[in-house]
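Student: This one is input-v5.txt, compact mmCIF, C-alpha atoms.
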# COMPACT_ATOMS: atom_id res chain seq x y z
CA MET H 1 -50.45 32.06 -30.55
CA GLU H 2 -51.93 28.91 -29.16
CA SER H 3 -51.46 25.80 -31.26
CA THR H 4 -54.38 23.84 -32.69
CA LYS H 5 -52.27 20.93 -33.94
CA GLN H 6 -52.85 17.35 -32.84
CA GLN H 7 -50.42 14.50 -32.38
CA ASP H 8 -50.07 12.46 -35.57
CA LEU H 9 -51.83 9.09 -35.69
CA ILE H 10 -48.59 7.28 -36.57
CA PHE H 11 -45.08 8.57 -36.04
CA LEU H 12 -41.90 6.74 -37.08
CA GLU H 13 -38.30 7.70 -36.32
CA LEU H 14 -35.41 5.61 -37.65
CA ARG H 15 -31.74 6.06 -36.70
CA GLN H 16 -29.40 4.73 -39.38
CA ARG H 17 -26.18 4.73 -37.35
CA LEU H 18 -27.84 3.04 -34.37
CA GLN H 19 -29.74 0.68 -36.71
CA SER H 20 -32.85 1.10 -34.61
CA GLY H 21 -36.20 2.80 -34.74
CA LEU H 22 -39.23 3.85 -32.73
CA LEU H 23 -42.82 3.63 -33.90
CA VAL H 24 -45.54 5.46 -31.92
CA ILE H 25 -49.21 4.75 -32.63
CA ARG H 26 -51.80 7.03 -31.02
CA SER H 27 -53.93 5.26 -28.42
CA ASP H 28 -57.24 6.02 -30.17
CA ALA H 29 -56.11 4.02 -33.24
CA PHE H 30 -56.81 0.65 -31.58
CA GLU H 31 -58.63 -0.94 -28.63
CA ASP H 32 -56.15 -3.72 -27.95
CA LYS H 33 -52.45 -3.59 -28.79
CA ALA H 34 -52.79 -7.10 -30.22
CA GLU H 35 -54.56 -5.42 -33.14
CA VAL H 36 -51.31 -3.72 -34.12
CA ASN H 37 -48.91 -5.53 -36.42
CA VAL H 38 -45.68 -4.51 -38.17
CA THR H 39 -44.17 -6.34 -41.14
CA SER H 40 -41.32 -5.79 -43.57
CA GLY H 41 -42.40 -5.15 -47.14
CA ASP H 42 -40.36 -4.60 -50.29
CA SER H 43 -38.00 -1.83 -49.11
CA ALA H 44 -40.78 -0.66 -46.83
CA ILE H 45 -42.32 -0.99 -43.39
CA ASP H 46 -45.99 -2.01 -43.32
CA ILE H 47 -48.04 -0.95 -40.30
CA HIS H 48 -51.40 -2.61 -39.70
CA ILE H 49 -54.01 -1.20 -37.32
CA PRO H 50 -57.82 -1.71 -37.21
CA ASP H 51 -58.28 1.37 -39.40
CA GLY H 52 -56.26 -0.27 -42.18
CA GLY H 53 -52.71 -0.49 -43.46
CA TYR H 54 -50.05 2.20 -43.72
CA GLN H 55 -46.77 1.87 -45.56
CA VAL H 56 -43.49 3.74 -45.10
CA LYS H 57 -41.12 3.40 -48.05
CA LEU H 58 -37.46 3.29 -47.07
CA ILE H 59 -34.42 4.70 -48.81
CA PRO H 60 -32.05 2.29 -50.60
CA GLY H 61 -29.80 0.34 -48.26
CA VAL H 62 -32.18 0.48 -45.27
CA SER H 63 -34.59 -2.33 -44.35
CA LEU H 64 -36.43 -3.66 -41.33
CA VAL H 65 -35.11 -6.80 -39.67
CA GLU H 66 -38.09 -9.13 -40.01
CA GLY H 67 -39.63 -10.06 -36.66
CA SER H 68 -37.47 -7.61 -34.73
CA TRP H 69 -40.26 -5.28 -33.65
CA GLN H 70 -41.15 -5.28 -29.96
CA LYS H 71 -44.16 -3.61 -28.34
CA SER H 72 -43.84 -1.83 -25.03
CA PRO H 73 -45.40 -3.85 -22.16
CA GLU H 74 -47.66 -0.96 -21.15
CA LEU H 75 -49.29 1.82 -23.12
CA ASN H 76 -47.65 5.20 -22.78
CA ALA H 77 -49.68 8.36 -22.33
CA ASP H 78 -49.29 9.14 -26.04
CA GLY H 79 -49.97 5.63 -27.33
CA LEU H 80 -48.24 2.36 -28.13
CA HIS H 81 -44.45 2.42 -28.52
CA VAL H 82 -42.88 -0.20 -30.80
CA ARG H 83 -39.11 -0.70 -30.98
CA LEU H 84 -37.60 -1.77 -34.31
CA ARG H 85 -34.23 -3.03 -35.53
CA LEU H 86 -32.87 -2.01 -38.91
CA ARG H 87 -30.42 -3.39 -41.39
CA VAL H 88 -28.38 -0.51 -42.85
CA ASP H 89 -25.85 -1.09 -45.61
CA GLN H 90 -24.47 2.47 -45.54
CA PRO H 91 -25.90 5.56 -43.79
CA SER H 92 -27.08 8.07 -46.38
CA GLU H 93 -24.77 11.00 -47.03
CA ALA H 94 -25.86 14.60 -46.59
CA SER H 95 -26.79 16.41 -49.78
CA ASP H 96 -26.49 20.10 -50.65
CA GLY H 97 -30.26 20.45 -50.38
CA VAL H 98 -31.82 23.35 -52.28
CA THR H 99 -28.79 25.63 -52.19
CA VAL H 100 -26.51 25.70 -55.22
CA ARG H 101 -22.79 25.69 -54.51
CA LEU H 102 -21.33 28.58 -56.48
CA LYS H 103 -18.45 27.75 -58.78
CA GLU H 104 -15.96 29.98 -60.51
CA GLN H 105 -16.32 30.80 -64.20
CA GLU H 106 -19.93 29.58 -64.38
CA GLU H 107 -22.88 31.79 -65.23
CA TYR H 108 -25.65 32.15 -62.64
CA ARG H 109 -29.05 33.73 -62.35
CA PHE H 110 -30.45 34.93 -59.02
CA LEU H 111 -34.21 34.78 -58.34
CA CYS H 112 -36.39 36.13 -55.57
CA GLN H 113 -37.55 33.10 -53.62
CA SER H 114 -40.87 34.73 -52.71
CA CYS H 115 -42.09 35.64 -56.20
CA GLY H 116 -39.60 34.14 -58.67
CA ALA H 117 -38.58 37.46 -60.20
CA THR H 118 -35.11 37.59 -61.74
CA LEU H 119 -32.87 39.75 -59.56
CA LEU H 120 -29.49 39.37 -61.26
CA LYS H 121 -28.71 37.49 -64.44
CA GLU H 122 -25.63 36.34 -66.30
CA LYS H 123 -23.39 36.69 -63.24
CA VAL H 124 -19.97 35.07 -63.70
CA PHE H 125 -17.49 35.06 -60.83
CA ARG H 126 -13.75 34.85 -61.36
CA ARG H 127 -13.32 33.98 -57.69
CA VAL H 128 -15.70 32.59 -55.05
CA LEU H 129 -14.16 32.87 -51.60
CA PRO H 130 -15.47 31.98 -48.12
CA LEU H 131 -15.54 34.67 -45.45
CA PRO H 132 -14.06 33.89 -42.03
CA ASN H 133 -16.06 32.04 -39.40
CA GLY H 134 -19.21 33.93 -38.40
CA ASN H 135 -17.86 35.09 -35.02
CA TRP H 136 -14.20 35.50 -36.00
CA ASN H 137 -14.18 39.18 -35.04
CA ALA H 138 -15.12 38.34 -31.45
CA LEU H 139 -12.11 36.00 -31.21
CA VAL H 140 -9.50 38.47 -32.47
CA GLY H 141 -8.78 39.61 -28.91
CA ASP H 142 -7.74 36.07 -28.00
CA TRP H 143 -5.57 35.68 -31.08
CA CYS H 144 -3.61 38.94 -30.95
CA CYS H 145 -1.40 40.45 -28.25
CA HIS H 146 -1.63 43.89 -29.91
CA PRO H 147 -4.54 46.07 -31.08
CA ASP H 148 -7.03 44.52 -33.51
CA PRO H 149 -5.28 44.60 -36.92
CA PHE H 150 -8.62 44.13 -38.68
CA ALA H 151 -10.35 47.13 -37.12
CA ASN H 152 -12.02 49.40 -39.71
CA LYS H 153 -10.94 47.11 -42.55
CA LYS H 154 -13.60 45.80 -44.87
CA LEU H 155 -13.74 42.39 -46.49
CA LEU H 156 -15.69 43.19 -49.64
CA PRO H 157 -15.76 41.58 -53.09
CA LYS H 158 -14.32 43.07 -56.25
CA GLU H 159 -16.42 43.36 -59.38
CA ASP H 160 -15.96 39.73 -60.49
CA GLU H 161 -15.87 38.13 -57.02
CA CYS H 162 -18.37 36.62 -54.62
CA LEU H 163 -17.69 36.27 -50.89
CA THR H 164 -19.78 33.67 -49.07
CA GLY H 165 -20.77 33.80 -45.40
CA ASP H 166 -22.70 31.34 -43.27
CA THR H 167 -26.12 32.66 -44.30
CA TYR H 168 -25.38 35.21 -47.01
CA PHE H 169 -23.11 36.17 -49.86
CA LEU H 170 -21.57 39.46 -50.89
CA LEU H 171 -21.44 40.48 -54.54
CA THR H 172 -21.28 43.62 -56.62
CA ARG H 173 -24.26 45.30 -58.23
CA ASP H 174 -24.80 45.34 -61.98
CA SER H 175 -27.12 47.25 -64.29
CA SER H 176 -29.98 44.75 -63.84
CA CYS H 177 -30.25 45.70 -60.15
CA ASP H 178 -31.82 49.04 -61.07
CA HIS H 179 -34.82 47.20 -62.55
CA SER H 180 -35.17 44.37 -60.01
CA LEU H 181 -34.11 45.79 -56.63
CA THR H 182 -35.01 48.73 -54.47
CA GLN H 183 -33.56 49.91 -51.20
CA GLN H 184 -34.76 52.04 -48.34
CA ASP H 185 -33.16 53.96 -45.49
CA ASP H 186 -35.72 53.36 -42.79
CA PRO H 187 -35.04 53.77 -39.06
CA SER H 188 -37.57 51.03 -38.37
CA CYS H 189 -35.54 48.53 -40.40
CA SER H 190 -33.21 46.22 -38.52
CA ASN H 191 -29.60 47.27 -38.18
CA LEU H 192 -27.84 44.70 -40.31
CA ASP H 193 -24.70 43.60 -38.46
CA THR H 194 -21.67 43.84 -40.75
CA SER H 195 -19.10 43.83 -37.96
CA ARG H 196 -18.32 40.18 -38.63
CA TYR H 197 -16.83 41.00 -42.00
CA SER H 198 -16.24 44.74 -42.15
CA GLY H 199 -15.57 46.06 -38.67
CA LYS H 200 -18.37 48.59 -39.16
CA THR H 201 -19.31 50.76 -36.21
CA ALA H 202 -22.14 49.24 -34.20
CA GLY H 203 -25.44 51.05 -34.52
CA ARG H 204 -24.95 52.27 -38.06
CA ARG H 205 -27.81 51.32 -40.34
CA ASN H 206 -27.33 50.13 -43.90
CA PRO H 207 -30.08 50.46 -46.49
CA VAL H 208 -32.33 47.41 -46.64
CA VAL H 209 -32.64 45.80 -50.09
CA PHE H 210 -36.09 44.69 -51.31
CA CYS H 211 -37.41 42.84 -54.34
CA LYS H 212 -39.00 45.50 -56.52
CA LYS H 213 -41.76 43.14 -57.65
CA CYS H 214 -43.01 41.72 -54.32
CA SER H 215 -41.25 43.91 -51.71
CA ALA H 216 -39.67 40.91 -49.96
CA VAL H 217 -36.60 41.76 -47.86
CA LEU H 218 -33.54 40.25 -49.57
CA GLY H 219 -30.61 41.71 -47.64
CA GLU H 220 -28.77 45.02 -47.44
CA ALA H 221 -26.64 47.45 -49.40
CA VAL H 222 -23.26 47.23 -47.66
CA THR H 223 -21.88 50.00 -49.89
CA THR H 224 -23.16 51.73 -53.01
CA ASP H 225 -21.62 48.92 -55.07
CA VAL H 226 -21.84 45.84 -52.82
CA LEU H 227 -24.93 43.81 -51.93
CA LYS H 228 -25.41 41.34 -49.11
CA LEU H 229 -28.10 38.79 -50.04
CA PHE H 230 -29.36 36.13 -47.62
CA VAL H 231 -29.41 32.53 -48.84
CA SER H 232 -32.87 32.17 -47.30
CA GLU H 233 -34.33 34.84 -49.60
CA VAL H 234 -32.89 34.06 -53.04
CA VAL H 235 -32.64 31.09 -55.37
CA MET H 236 -29.52 30.59 -57.46
CA ARG H 237 -29.67 28.74 -60.78
CA ARG H 238 -27.14 28.15 -63.53
CA SER H 239 -28.08 30.18 -66.56
CA GLU H 240 -27.71 27.09 -68.77
CA ASP H 241 -30.60 25.38 -66.97
CA GLU H 242 -33.57 25.27 -69.32
CA GLU H 243 -36.20 25.94 -66.68
CA VAL H 244 -35.35 28.62 -64.12
CA THR H 245 -38.17 28.68 -61.59
CA VAL H 246 -38.65 28.92 -57.86
CA PRO H 247 -38.55 25.24 -56.82
CA GLN H 248 -40.58 25.03 -53.62
CA ARG H 249 -43.04 26.65 -51.33
CA ARG H 250 -41.60 29.11 -48.85
CA LEU H 251 -41.52 27.03 -45.65
CA GLN H 252 -40.30 23.93 -47.47
CA PHE H 253 -37.48 25.94 -49.04
CA LEU H 254 -36.58 27.54 -45.72
CA GLU H 255 -36.57 24.18 -43.97
CA ARG H 256 -34.10 22.68 -46.43
CA VAL H 257 -31.87 25.75 -46.48
CA LEU H 258 -31.50 25.67 -42.69
CA ALA H 259 -30.91 21.90 -42.61
CA SER H 260 -28.27 22.27 -45.34
CA ARG H 261 -26.43 25.01 -43.45
CA LEU H 262 -26.52 23.06 -40.16
CA LEU H 263 -25.15 19.96 -41.87
CA GLU H 264 -22.34 21.82 -43.61
CA LEU H 265 -21.23 23.74 -40.51
CA SER H 266 -21.36 20.68 -38.26
CA SER H 267 -19.38 18.62 -40.78
CA ALA H 268 -16.77 21.23 -41.69
CA GLN H 269 -16.29 22.97 -38.36
CA SER H 270 -17.75 20.57 -35.74
CA ILE H 271 -20.29 23.22 -34.70
CA PHE H 272 -23.51 21.91 -33.17
CA ARG H 273 -24.99 24.82 -31.22
CA PHE H 274 -26.36 27.86 -33.01
CA SER H 275 -27.99 31.17 -32.23
CA ILE H 276 -30.52 32.22 -34.88
CA GLN H 277 -30.27 36.01 -34.81
CA THR H 278 -31.73 39.07 -36.48
CA PRO H 279 -29.27 41.37 -38.27
CA ASP H 280 -29.15 43.70 -35.25
CA GLY H 281 -27.86 40.84 -33.07
CA GLN H 282 -31.10 39.94 -31.28
CA SER H 283 -31.29 36.20 -30.60
CA VAL H 284 -34.61 34.61 -31.60
CA ILE H 285 -33.89 30.86 -31.41
CA MET H 286 -31.19 28.85 -29.68
CA LEU H 287 -30.74 25.65 -31.67
CA TRP H 288 -28.80 22.47 -30.93
CA LEU H 289 -28.12 19.98 -33.74
CA LEU H 290 -28.66 16.56 -32.19
CA ASN H 291 -28.23 14.07 -35.05
CA THR H 292 -28.17 13.96 -38.84
CA ASP H 293 -28.89 10.30 -39.64
CA THR H 294 -32.62 10.32 -38.93
CA LEU H 295 -35.39 9.07 -41.20
CA ILE H 296 -38.86 10.38 -40.40
CA ALA H 297 -42.39 9.48 -41.49
CA SER H 298 -45.83 10.18 -40.07
CA PHE H 299 -49.53 9.92 -40.84
CA SER H 300 -51.96 12.51 -39.56
CA GLY H 301 -54.91 10.13 -39.48
CA THR H 302 -57.15 12.59 -41.35
CA ASP H 303 -58.38 11.08 -44.61
CA GLY H 304 -55.22 9.03 -44.85
CA GLY H 305 -52.98 12.08 -44.92
CA SER H 306 -49.28 11.25 -44.84
CA ASN H 307 -46.14 13.25 -44.26
CA GLY H 308 -42.60 12.44 -45.18
CA LEU H 309 -41.74 14.91 -42.44
CA ILE H 310 -43.55 16.28 -39.44
CA SER H 311 -43.24 19.96 -40.27
CA SER H 312 -45.95 22.02 -41.87
CA SER H 313 -44.18 21.94 -45.23
CA GLY H 314 -44.67 19.41 -47.99
CA ARG H 315 -47.81 17.62 -46.84
CA HIS H 316 -49.34 15.48 -49.57
CA LEU H 317 -52.44 13.30 -49.48
CA ASP H 318 -51.84 9.72 -50.63
CA GLU H 319 -54.88 7.59 -51.29
CA HIS H 320 -52.89 4.42 -50.57
CA ARG H 321 -51.80 5.78 -47.18
CA SER H 322 -48.12 5.45 -47.92
CA CYS H 323 -45.24 7.87 -47.80
CA GLN H 324 -41.50 8.04 -48.33
CA ALA H 325 -39.32 8.21 -45.22
CA ALA H 326 -37.52 11.56 -45.31
CA SER H 327 -33.86 12.10 -44.41
CA SER H 328 -33.89 14.69 -41.65
CA VAL H 329 -31.87 16.38 -38.96
CA LYS H 330 -33.08 16.34 -35.36
CA VAL H 331 -32.70 19.55 -33.39
CA LEU H 332 -33.37 20.87 -29.91
CA TYR H 333 -34.39 24.50 -29.67
CA LEU H 334 -35.29 27.27 -27.24
CA PRO H 335 -37.47 30.25 -28.26
CA CYS H 336 -35.62 33.21 -26.75
CA ALA H 337 -38.82 35.19 -26.14
CA HIS H 338 -40.02 32.79 -23.40
CA THR H 339 -39.41 34.57 -20.12
CA GLN H 340 -39.03 31.32 -18.16
CA LEU H 341 -36.06 30.37 -20.35
CA GLN H 342 -34.09 33.60 -19.98
CA GLU H 343 -31.45 32.03 -17.74
CA ALA H 344 -30.69 29.30 -20.28
CA VAL H 345 -30.73 31.79 -23.17
CA ALA H 346 -28.34 34.12 -21.31
CA ALA H 347 -25.91 31.22 -20.77
CA TRP H 348 -25.95 30.43 -24.49
CA GLU H 349 -25.38 34.06 -25.45
CA LYS H 350 -22.25 34.19 -23.28
CA ASP H 351 -20.87 30.92 -24.67
CA ILE H 352 -18.38 31.66 -27.44
CA SER H 353 -18.80 28.13 -28.84
CA VAL H 354 -22.39 28.98 -29.86
CA HIS H 355 -22.31 29.93 -33.55
CA PRO H 356 -24.42 32.90 -34.76
CA LEU H 357 -26.59 32.47 -37.85
CA VAL H 358 -27.95 35.85 -38.98
CA LEU H 359 -31.20 36.01 -40.94
CA PRO H 360 -33.87 38.69 -41.59
CA ARG H 361 -36.29 39.18 -38.72
CA SER H 362 -39.24 37.89 -40.75
CA THR H 363 -37.27 34.75 -41.64
CA CYS H 364 -36.40 34.13 -37.98
CA ASP H 365 -40.13 34.30 -37.19
CA GLU H 366 -40.89 31.87 -40.02
CA LEU H 367 -38.27 29.43 -38.70
CA LEU H 368 -39.79 29.56 -35.23
CA GLN H 369 -43.22 28.89 -36.76
CA LEU H 370 -41.75 25.95 -38.70
CA LEU H 371 -40.11 24.41 -35.62
CA THR H 372 -43.18 24.93 -33.45
CA SER H 373 -45.45 23.35 -36.06
CA CYS H 374 -43.22 20.28 -36.07
CA THR H 375 -43.15 20.00 -32.29
CA ASP H 376 -46.94 20.26 -32.04
CA THR H 377 -47.51 17.07 -34.04
CA LEU H 378 -44.93 14.92 -32.24
CA PRO H 379 -45.94 12.43 -29.56
CA PRO H 380 -45.79 14.33 -26.22
CA SER H 381 -43.13 11.97 -24.83
CA LEU H 382 -40.84 12.85 -27.76
CA SER H 383 -41.60 16.56 -28.18
CA SER H 384 -39.27 17.87 -25.48
CA MET H 385 -35.98 17.13 -23.75
CA ASN H 386 -35.55 18.85 -20.39
CA SER H 387 -36.32 22.51 -21.16
CA TYR H 388 -35.68 22.12 -24.90
CA GLN H 389 -38.29 21.55 -27.60
CA VAL H 390 -37.67 18.87 -30.26
CA ALA H 391 -38.12 19.30 -34.01
CA TYR H 392 -37.02 17.73 -37.29
CA LEU H 393 -35.88 19.46 -40.47
CA LYS H 394 -35.96 17.76 -43.84
CA ARG H 395 -32.62 17.63 -45.64
Would you put the structure from the file into structure tokens?
Tutor:
Amino acid sequence: MESTKQQDLIFLELRQRLQSGLLVIRSDAFEDKAEVNVTSGDSAIDIHIPDGGYQVKLIPGVSLVEGSWQKSPELNADGLHVRLRLRVDQPSEASDGVTVRLKEQEEYRFLCQSCGATLLKEKVFRRVLPLPNGNWNALVGDWCCHPDPFANKKLLPKEDECLTGDTYFLLTRDSSCDHSLTQQDDPSCSNLDTSRYSGKTAGRRNPVVFCKKCSAVLGEAVTTDVLKLFVSEVVMRRSEDEEVTVPQRRLQFLERVLASRLLELSSAQSIFRFSIQTPDGQSVIMLWLLNTDTLIASFSGTDGGSNGLISSSGRHLDEHRSCQAASSVKVLYLPCAHTQLQEAVAAWEKDISVHPLVLPRSTCDELLQLLTSCTDTLPPSLSSMNSYQVAYLKR
């Protein structure tokens, strides 16, 4: 599908650890670069162009060094580039985003992210345990000098347990599932890969689990008693919370879930390259986490529209033409379907250091749409790096 997006009028990227920033103003916003001015406001950056003023509000502890901004001598093809220097007290720490970290002996309710229907309620786990690294089964041959001791052995939860994977969790069914979930044995459904935790024979299909209310794909039935639910398809809330609702629109939720998982895996396991895959092992996106200390803001230039982030999610019109800088992660990505990139994709697929992240096929397509939408609005000089596309995900 050909994109109809246009480069944003104003784009701002700030790097907290480098204490520097880059401001790009589209060339049709001014006739002479002398008409452009940047000043430091109260915890904000004020940008003045002939069209008027725009303000980017900064997070606590970050400010612009007054008078530090420097315009590029010549106009670039995508507009005027302005370099900035920042004063940063302490780089902001990563947050858990929209995902709730499950705790033992607390009561949770699980909702369908698409429609908000309650899927499971009053779930209390005696134990919450992490599953091994996503590609641990592929490494067994390097660990052991004898036949695979884990072959044909399943890692499945008991009735009061929850096992957490990189993009999913395993839990047991309860009586409420009969009213909220449905499942289907359909040859057209993706083969959900359970080999990473159960050693299941490749090619065997598990029933796909759907929300009974809206028919959204939620995961799979690993056994008659065990469910695998993807973190991208459900919302977890503590039962004690007064208001239990779906918090965000779909793409905004998906954006924060992915950013949260990338941050956690890079911090805990020093993993920075990922393969976004369907459950049958087909790679859809190759993704490289570049940095996590970025603040992003942009203005579309249409009726003063402003974005705390470049992606298609969370756009809000502000009559004062101001927005809050959003903490984001910067990624490079390759769409695996592009035929001209097959050599690079093949190299990634053979690299054991590339970490698989398995999601439903429809979710993989949504992620690609999200990343592409972001790239389309970036200044052309910043939208790609060699053969990789550039995108930002809000934390």
Student: Which is closest to H:Ser328 among H:Phe169, H:Tyr392, H:Phe11, H:Phe272, if we use only C-alpha atoms?
Tutor: H:Tyr392
Student: Provide the atom CA of H:Asn76 to atom CA of H:Pro50 distance in Å, to one decimal place.
Tutor: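 Answer for the atom CA of H:Asn76 to atom CA of H:Pro50 separation: 19.0 Å.
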Student: When distances are computed from only C-alpha atoms, which of H:Lys330, H:Arg321, H:Arg250, H:Lys154 shows the smallest separation from H:Leu9?
Tutor: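 Under the stated criterion, the closest residue is H:Arg321.
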Student: Just the number, please: distance in Å from atom CA of H:Glu107 to atom CA of H:Cys211, one decimal.
Tutor: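 According to the coordinates, atom CA of H:Glu107 and atom CA of H:Cys211 are separated by 21.3 Å.
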Student: From the set H:Leu254, H:Tyr388, H:Ser232, H:Leu359, which residue has the shortest atom-to-atom contact distance to H:Gln340, counting all atoms listed in the file?
Tutor: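 Of H:Leu254, H:Tyr388, H:Ser232, H:Leu359, the one nearest H:Gln340 is H:Tyr388, counting all atoms listed in the file.
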Student: Under the rule that all atoms listed in the file are counted, which of H:Glu161, H:Asp365, H:Asp280, H:Glu35 is the nearest residue to H:Gly52?
Tutor: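 Looking only at the distances to H:Gly52, the closest residue turns out to be H:Glu35.
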Student: From the options H:Leu120, H:Ala34, H:Thr167, H:Ser327, which residue's atoms come nearest to H:Arg15, counting only C-alpha atoms?
Tutor: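 Between H:Leu120, H:Ala34, H:Thr167, H:Ser327, the residue approaching H:Arg15 most closely is H:Ser327.
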Student: What does the structure give for the distance between atom CA of H:Leu357 and atom CA of H:Arg261, in Å to one decimal?
Tutor: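 Atom CA of H:Leu357 sits 9.3 Å away from atom CA of H:Arg261.
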Student: Find the residue from H:Arg249, H:Val284, H:Arg26, H:Arg273 that sits nearest to H:Gln369; use all atoms listed in the file when measuring.
Tutor: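 Result for the nearest residue to H:Gln369: H:Val284.
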Student: Can you tell me, as a count of residues only, what residues are no more than 6 Å from H:Asp8 when counting only C-alpha atoms, ignoring any on the same chain fewer than 5 positions away?
Tutor: 3
Student: May I have the protein, DNA and RNA residues with any atom at most 7 Å from the point (-41.5, 7.9, -49.7), counting only C-alpha atoms, written as a PyMOL selection string?
Tutor: chain H and resi 56-58+308+323-326
Student: Which polymer residues, whether protein, DNA or RNA, lie within 10 Å of the coordinate (-20.3, 23.0, -36.0) when you count only C-alpha atoms? List them as a PDB file with C-alpha atoms, keeping the file's coordinate frame, using the chain letters and numbers from the file.
Tutor:
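Final output, saved to part_23.pdb:
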ATOM      1  CA  ARG H 261     -26.430  25.010 -43.450  1.00  0.00           C
ATOM      2  CA  LEU H 262     -26.520  23.060 -40.160  1.00  0.00           C
ATOM      3  CA  LEU H 263     -25.150  19.960 -41.870  1.00  0.00           C
ATOM      4  CA  GLU H 264     -22.340  21.820 -43.610  1.00  0.00           C
ATOM      5  CA  LEU H 265     -21.230  23.740 -40.510  1.00  0.00           C
ATOM      6  CA  SER H 266     -21.360  20.680 -38.260  1.00  0.00           C
ATOM      7  CA  SER H 267     -19.380  18.620 -40.780  1.00  0.00           C
ATOM      8  CA  ALA H 268     -16.770  21.230 -41.690  1.00  0.00           C
ATOM      9  CA  GLN H 269     -16.290  22.970 -38.360  1.00  0.00           C
ATOM     10  CA  SER H 270     -17.750  20.570 -35.740  1.00  0.00           C
ATOM     11  CA  ILE H 271     -20.290  23.220 -34.700  1.00  0.00           C
ATOM     12  CA  PHE H 272     -23.510  21.910 -33.170  1.00  0.00           C
ATOM     13  CA  ARG H 273     -24.990  24.820 -31.220  1.00  0.00           C
ATOM     14  CA  PHE H 274     -26.360  27.860 -33.010  1.00  0.00           C
ATOM     15  CA  TRP H 288     -28.800  22.470 -30.930  1.00  0.00           C
ATOM     16  CA  LEU H 289     -28.120  19.980 -33.740  1.00  0.00           C
ATOM     17  CA  SER H 353     -18.800  28.130 -28.840  1.00  0.00           C
ATOM     18  CA  VAL H 354     -22.390  28.980 -29.860  1.00  0.00           C
ATOM     19  CA  HIS H 355     -22.310  29.930 -33.550  1.00  0.00           C
TER      20      HIS H 355
END
Student: Quick one: residues within 10 Å of H:Cys115, all atoms listed in the file, excluding same-chain residues fewer than 2 positions away - as a list in words?
Tutor: Leu111, Cys112, Gln113, Ala117, Thr118, Cys211, Lys213, Cys214, Ser215, Ala216, Val234, Thr245, Val246 and Arg250 of chain H
Student: Generate the output file for the selected residues, C-alpha atoms, as a compact mmCIF listing (two decimals), keeping the file's coordinate frame.
Tutor:
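Dumped to part-v1.txt:
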# COMPACT_ATOMS: atom_id res chain seq x y z
CA LEU H 111 -34.21 34.78 -58.34
CA CYS H 112 -36.39 36.13 -55.57
CA GLN H 113 -37.55 33.10 -53.62
CA ALA H 117 -38.58 37.46 -60.20
CA THR H 118 -35.11 37.59 -61.74
CA CYS H 211 -37.41 42.84 -54.34
CA LYS H 213 -41.76 43.14 -57.65
CA CYS H 214 -43.01 41.72 -54.32
CA SER H 215 -41.25 43.91 -51.71
CA ALA H 216 -39.67 40.91 -49.96
CA VAL H 234 -32.89 34.06 -53.04
CA THR H 245 -38.17 28.68 -61.59
CA VAL H 246 -38.65 28.92 -57.86
CA ARG H 250 -41.60 29.11 -48.85
Student: Might you pull out every residue within 10 Å of H:Asp51, with only C-alpha atoms counted and same-chain residues fewer than 3 positions away left off, and present them as a ChimeraX atom specification?
Tutor: /H:29-30,35,48,54,301,304
Student: Around stretch 52-61 of chain H, with edges along x, y and z and 3 Å added on all six sides, what centre and edge lengths do you get, in Å to one decimal, as AutoDock Vina command-line options?
Tutor:
--center_x -43.0 --center_y 2.1 --center_z -46.4 --size_x 32.5 --size_y 11.2 --size_z 14.4
Student: List as a ChimeraX atom specification the protein and nucleic acid residues near H:Ser383, meaning an atom at most 12 Å away when all atoms listed in the file are counted, but skip any in the same chain fewer than 6 places from it.
Tutor: /H:7-8,11,78,310,330-333,371-377,389-392
Student: Name the residues in contact with H:Leu18 at a cut-off of 10 Å, using all atoms listed in the file, excluding same-chain residues fewer than 6 positions from it; report them as an MDAnalysis selection string.
Tutor: chainID H and resid 85:88 91 293:294
